[in-house]
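Shown below: target.tsv, with TSV, C-alpha atoms.
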chain	number	residue	atom	x	y	z
A	499	MET	CA	83.98	92.24	83.92
A	500	ALA	CA	86.28	90.03	86.00
A	501	ASP	CA	85.18	86.65	87.31
A	502	TYR	CA	86.33	87.49	90.87
A	503	GLU	CA	87.18	90.51	93.00
A	504	ALA	CA	90.28	90.00	95.15
A	505	ASN	CA	90.68	91.14	98.76
A	506	ILE	CA	94.25	92.19	97.91
A	507	ALA	CA	96.47	91.72	94.85
A	508	PRO	CA	99.78	92.83	93.32
A	509	PHE	CA	97.87	94.57	90.50
A	510	ILE	CA	95.55	97.46	91.38
A	511	ASN	CA	92.53	98.42	89.26
A	512	VAL	CA	93.79	96.18	86.43
A	513	GLU	CA	92.10	92.93	85.47
A	514	PHE	CA	94.51	89.98	85.56
A	515	TYR	CA	94.37	86.27	84.80
A	516	VAL	CA	95.63	83.20	86.63
A	517	THR	CA	97.80	81.42	84.05
A	518	SER	CA	99.26	78.77	86.36
A	519	TYR	CA	97.84	77.84	89.75
A	520	PHE	CA	99.55	77.07	93.06
A	521	GLY	CA	100.48	73.38	93.31
A	522	GLU	CA	99.90	72.73	89.60
A	523	PRO	CA	101.70	69.51	88.55
A	524	ARG	CA	104.47	70.06	85.97
A	525	THR	CA	106.01	67.34	83.81
A	526	GLY	CA	109.51	66.43	84.96
A	527	ARG	CA	109.60	69.10	87.69
A	528	ASP	CA	108.23	69.82	91.14
A	529	SER	CA	104.70	71.15	91.48
A	530	HIS	CA	104.31	74.88	90.91
A	531	LYS	CA	105.26	76.63	94.17
A	532	GLY	CA	103.64	79.90	93.30
A	533	ILE	CA	100.91	81.37	91.18
A	534	ASP	CA	101.37	83.01	87.78
A	535	LEU	CA	99.35	86.13	87.04
A	536	ALA	CA	99.23	88.04	83.75
A	537	THR	CA	97.45	91.15	82.54
A	538	PRO	CA	95.92	91.64	79.06
A	539	SER	CA	98.17	94.66	78.40
A	540	PRO	CA	101.56	93.42	79.67
A	541	GLY	CA	104.01	95.35	81.80
A	542	ASN	CA	101.66	96.74	84.45
A	543	ASN	CA	102.78	98.15	87.79
A	544	LEU	CA	103.18	95.78	90.74
A	545	TYR	CA	102.24	96.80	94.26
A	546	SER	CA	102.99	95.55	97.75
A	547	MET	CA	100.32	93.39	99.35
A	548	THR	CA	101.70	93.87	102.87
A	549	ASP	CA	103.24	96.32	105.29
A	550	GLY	CA	106.80	95.17	105.74
A	551	GLU	CA	110.39	95.30	104.56
A	552	VAL	CA	112.31	94.34	101.42
A	553	ILE	CA	114.67	91.53	102.49
A	554	THR	CA	116.02	90.42	99.10
A	555	LYS	CA	116.61	92.08	95.74
A	556	VAL	CA	118.36	89.91	93.12
A	557	TYR	CA	118.85	89.33	89.43
A	558	GLU	CA	119.07	85.64	88.52
A	559	GLU	CA	119.78	84.97	84.81
A	560	GLY	CA	118.40	81.44	84.50
A	561	GLY	CA	115.78	81.48	87.23
A	562	PHE	CA	113.51	84.20	88.59
A	563	GLY	CA	115.19	87.04	86.67
A	564	HIS	CA	114.68	90.32	88.53
A	565	TYR	CA	112.95	89.54	91.80
A	566	ILE	CA	112.37	90.86	95.29
A	567	ILE	CA	111.21	89.31	98.54
A	568	ILE	CA	109.16	91.33	101.00
A	569	LYS	CA	108.71	90.15	104.57
A	570	GLY	CA	105.46	91.39	106.04
A	571	ASP	CA	105.19	92.63	109.60
A	572	ASP	CA	102.99	89.57	110.22
A	573	GLY	CA	105.80	87.21	109.07
A	574	LYS	CA	104.37	86.37	105.64
A	575	GLY	CA	106.95	86.50	102.84
A	576	PHE	CA	106.15	87.49	99.24
A	577	LEU	CA	108.45	86.74	96.30
A	578	TYR	CA	107.74	88.79	93.13
A	579	ALA	CA	109.59	87.19	90.18
A	580	HIS	CA	110.31	87.84	86.47
A	581	MET	CA	110.00	91.62	86.95
A	582	ARG	CA	110.76	93.73	83.85
A	583	GLU	CA	113.71	95.48	85.50
A	584	ALA	CA	115.24	95.80	88.93
A	585	SER	CA	112.83	97.10	91.54
A	586	PRO	CA	113.46	100.73	92.56
A	587	LEU	CA	113.43	99.49	96.16
A	588	SER	CA	116.49	98.41	98.11
A	589	VAL	CA	117.01	95.80	100.78
A	590	GLY	CA	115.89	97.33	104.07
A	591	ASP	CA	113.29	99.66	102.52
A	592	ARG	CA	109.90	99.71	104.26
A	593	VAL	CA	106.76	99.22	102.19
A	594	SER	CA	103.06	99.57	102.88
A	595	VAL	CA	100.08	97.98	101.16
A	596	GLY	CA	99.68	99.71	97.79
A	597	ASP	CA	103.30	100.87	97.44
A	598	TYR	CA	104.79	100.50	93.96
A	599	VAL	CA	107.44	97.73	93.84
A	600	GLY	CA	108.15	97.24	90.11
A	601	HIS	CA	106.69	96.04	86.79
A	602	GLU	CA	105.33	92.77	85.48
A	603	GLY	CA	107.92	91.28	83.10
A	604	THR	CA	109.58	88.23	81.60
A	605	THR	CA	113.19	88.20	82.85
A	606	GLY	CA	115.03	85.02	83.79
A	607	ASN	CA	113.57	81.64	82.86
A	608	SER	CA	110.18	82.87	81.69
A	609	THR	CA	107.94	82.06	78.73
A	610	GLY	CA	105.98	85.31	78.64
A	611	ILE	CA	105.20	88.53	80.49
A	612	HIS	CA	103.67	87.73	83.87
A	613	LEU	CA	104.24	87.84	87.61
A	614	HIS	CA	105.30	84.66	89.36
A	615	LEU	CA	104.26	85.13	93.00
A	616	GLU	CA	105.29	82.86	95.87
A	617	MET	CA	104.54	83.03	99.60
A	618	GLN	CA	106.16	81.47	102.66
A	619	ASP	CA	105.78	81.92	106.41
A	620	LEU	CA	108.98	83.69	107.48
A	621	SER	CA	107.99	84.18	111.12
A	622	ASN	CA	110.76	81.88	112.39
A	623	ARG	CA	113.14	81.54	109.43
A	624	GLY	CA	114.39	83.04	106.18
A	625	TRP	CA	113.18	82.23	102.67
A	626	GLN	CA	113.80	78.58	101.75
A	627	PHE	CA	114.42	78.08	98.03
A	628	GLY	CA	113.61	74.61	96.75
A	629	ALA	CA	111.62	73.70	99.87
A	630	ASP	CA	108.83	71.15	99.76
A	631	LEU	CA	105.46	72.48	98.53
A	632	SER	CA	104.15	72.12	102.10
A	633	GLU	CA	106.49	74.98	103.15
A	634	TYR	CA	104.73	77.42	100.81
A	635	LEU	CA	101.50	79.36	101.33
A	636	ASN	CA	98.83	79.50	98.64
A	637	PRO	CA	98.73	83.07	97.24
A	638	ALA	CA	95.20	82.54	95.82
A	639	ASN	CA	93.87	81.84	99.32
A	640	PHE	CA	95.63	84.95	100.65
A	641	MET	CA	94.22	87.14	97.85
A	642	GLY	CA	90.72	85.67	98.15
A	643	PHE	CA	89.92	83.89	94.91
A	644	PRO	CA	89.87	80.24	93.72
A	645	ASN	CA	93.16	78.47	93.02
A	646	THR	CA	92.42	77.63	89.39
A	647	THR	CA	93.80	78.51	85.97
A	648	GLY	CA	91.89	80.64	83.48
A	649	ILE	CA	89.94	82.92	85.81
A	650	SER	CA	90.03	86.71	85.65
A	651	VAL	CA	90.39	88.79	88.81
A	652	ILE	CA	90.44	92.45	89.77
A	653	TYR	CA	91.44	94.25	92.95
A	654	ASN	CA	89.95	97.70	93.37
A	655	GLY	CA	92.50	99.11	95.78
A	656	THR	CA	94.25	102.43	96.05
A	657	PRO	CA	97.83	102.63	94.81
A	658	LYS	CA	100.09	105.03	96.68
A	659	PRO	CA	102.27	107.43	94.69
A	660	PRO	CA	106.01	106.95	95.18
A	661	THR	CA	107.50	109.36	97.68
A	662	PRO	CA	111.01	110.75	97.21
A	663	THR	CA	113.49	109.51	99.76
A	664	PRO	CA	116.12	112.13	100.65
A	665	VAL	CA	119.62	110.69	100.72
A	666	GLY	CA	122.60	112.42	102.30
A	667	ARG	CA	123.30	116.07	102.99
A	668	ASN	CA	123.37	117.11	99.34
A	669	SER	CA	120.00	115.67	98.49
A	670	LYS	CA	118.26	117.61	95.72
A	671	PHE	CA	114.89	116.86	97.36
A	672	LYS	CA	115.94	118.49	100.66
A	673	TRP	CA	117.32	121.48	98.78
A	674	VAL	CA	114.07	121.98	96.86
A	675	LEU	CA	112.07	121.94	100.11
A	676	TYR	CA	114.47	124.41	101.73
A	677	ALA	CA	114.43	126.71	98.67
A	678	ASN	CA	110.62	126.67	98.64
A	679	LYS	CA	110.55	127.50	102.34
A	680	LEU	CA	112.91	130.45	101.83
A	681	ARG	CA	110.95	131.66	98.80
A	682	ASN	CA	107.65	131.51	100.72
A	683	LYS	CA	109.20	133.31	103.71
A	684	LYS	CA	110.61	136.07	101.48
A	685	PHE	CA	107.28	136.70	99.75
A	686	SER	CA	105.29	136.67	102.95
A	687	HIS	CA	107.37	139.57	104.34
A	688	ASN	CA	106.97	141.78	101.27
A	689	PHE	CA	103.20	142.08	101.53

Translate this structure into structure tokens?
Amino acid sequence: MADYEANIAPFINVEFYVTSYFGEPRTGRDSHKGIDLATPSPGNNLYSMTDGEVITKVYEEGGFGHYIIIKGDDGKGFLYAHMREASPLSVGDRVSVGDYVGHEGTTGNSTGIHLHLEMQDLSNRGWQFGADLSEYLNPANFMGFPNTTGISVIYNGTPKPPTPTPVGRNSKFKWVLYANKLRNKKFSHNF
């Protein structure tokens, strides 16, 4: 049983652990500007914690690896880093709370499978890399559990299944819907 139940989290119905807390001092480097979360069985799905839009999708070899930034409709920005592979989302895609955004991973400058999560207020500006710690929001406060290493947390939310997005006139998804409609129409007239 988890130590805490979160109000919201990037993992749904999976217990996870805080392996590095927000603001944690690090030898020879700035304080930790995010929070590191890891699951006991690595590689779990990651979900959106906000209704908003993907504003960045990047692969950075020596830094965050595969990462995305989502800007919430309320102005809060969420950076999901070290993802296993590129997110299936694209810049400009809309997301809702519970939408799948990728997998926990260890790409970039990472020492093990986890999610590095950062937050900033993007109401009046874009994401500021390398900003002072005071420019960041504490993800633990947002999710509703203590900002401390070693605790276990669970969020009992409802993940949403991915929905196919039709693209262009020759979309297979549109054709399948049209074919099903024709098939249903044909059979309804024969009886």

Handout entry: Point-to-point distance from atom CA of A:His564 to atom CA of A:Pro644, Å rounded to tenths
Key =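 Straight-line distance from atom CA of A:His564 to atom CA of A:Pro644 works out to 27.3 Å.
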
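Each of A:Gly570, A:Pro508, A:Pro540, A:Gly596 was compared to A:Pro659 using only C-alpha atoms, and A:Gly596 turns out to be the nearest.
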
Select from stretch 542-591 of chain A every residue with an atom at most 10 Å from any atom of stretch 610-616 of chain A, then for each give the shortest pair of atoms and their distance in Å to one decimal, using only C-alpha atoms, rows by chain and rising number, as JSON lines.
{"residue": "A:Asn542", "atom": "CA", "partner": "A:His612", "partner_atom": "CA", "distance": 9.2}
{"residue": "A:Leu544", "atom": "CA", "partner": "A:Leu613", "partner_atom": "CA", "distance": 8.6}
{"residue": "A:Phe562", "atom": "CA", "partner": "A:His614", "partner_atom": "CA", "distance": 8.3}
{"residue": "A:Tyr565", "atom": "CA", "partner": "A:His614", "partner_atom": "CA", "distance": 9.4}
{"residue": "A:Ile567", "atom": "CA", "partner": "A:Glu616", "partner_atom": "CA", "distance": 9.2}
{"residue": "A:Gly575", "atom": "CA", "partner": "A:Glu616", "partner_atom": "CA", "distance": 8.0}
{"residue": "A:Phe576", "atom": "CA", "partner": "A:Glu616", "partner_atom": "CA", "distance": 5.8}
{"residue": "A:Leu577", "atom": "CA", "partner": "A:Glu616", "partner_atom": "CA", "distance": 5.0}
{"residue": "A:Tyr578", "atom": "CA", "partner": "A:Leu615", "partner_atom": "CA", "distance": 5.1}
{"residue": "A:Ala579", "atom": "CA", "partner": "A:His614", "partner_atom": "CA", "distance": 5.0}
{"residue": "A:His580", "atom": "CA", "partner": "A:Leu613", "partner_atom": "CA", "distance": 6.2}
{"residue": "A:Met581", "atom": "CA", "partner": "A:Leu613", "partner_atom": "CA", "distance": 6.9}
{"residue": "A:Arg582", "atom": "CA", "partner": "A:Ile611", "partner_atom": "CA", "distance": 8.3}

Handout entry: Option closest in space to A:Ile510, from A:Ser529, A:Ser539, A:Thr554, A:Ser546 [counting all atoms listed in the file]
Key = A:Ser546

Handout entry: Nearby residues (all atoms listed in the file) at most 12 Å from A:Asp591, same-chain spacing under 4 positions excluded, as an MDAnalysis selection string
Key = chainID A and resid 549:555 566:570 585:587 597 599 663

Exercise for the section: Counting all atoms listed in the file, figure out which residue out of A:Leu631, A:Met641, A:Ala500, A:Ala584 gets nearest to A:Phe514. Expected result: A:Ala500

Problem - Between atom CA of A:Gly642 and atom CA of A:Asp630 - distance in Å to one decimal - result: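 Rounded to one decimal, the two atoms are 23.3 Å apart.
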
Handout entry: Sel. within 8 Å of pt (104.1, 100.5, 86.6), counting only C-alpha atoms, output as a PyMOL selection string
Key = chain A and resi 541-544+598+600-602

Handout entry: Residue neighbourhood A:His530, 10 Å, all atoms listed in the file, exclusion window fewer than 4 positions, as a PyMOL selection string
Key = chain A and resi 518-524+534+614+616+631

Practice task
Quote the spacing between atom CA of A:Asn636 and atom CA of A:Tyr515 in Å to one decimal place.
Solution key: 16.0 Å

Exercise for the section: Could you give me, as JSON, numbers by chain, the residues within 12 Å of A:Tyr502, counting only C-alpha atoms and dropping anything in the same chain fewer than 6 positions from it? Expected result: {"A": [513, 514, 515, 516, 638, 641, 642, 643, 644, 645, 646, 648, 649, 650, 651, 652, 653, 654]}
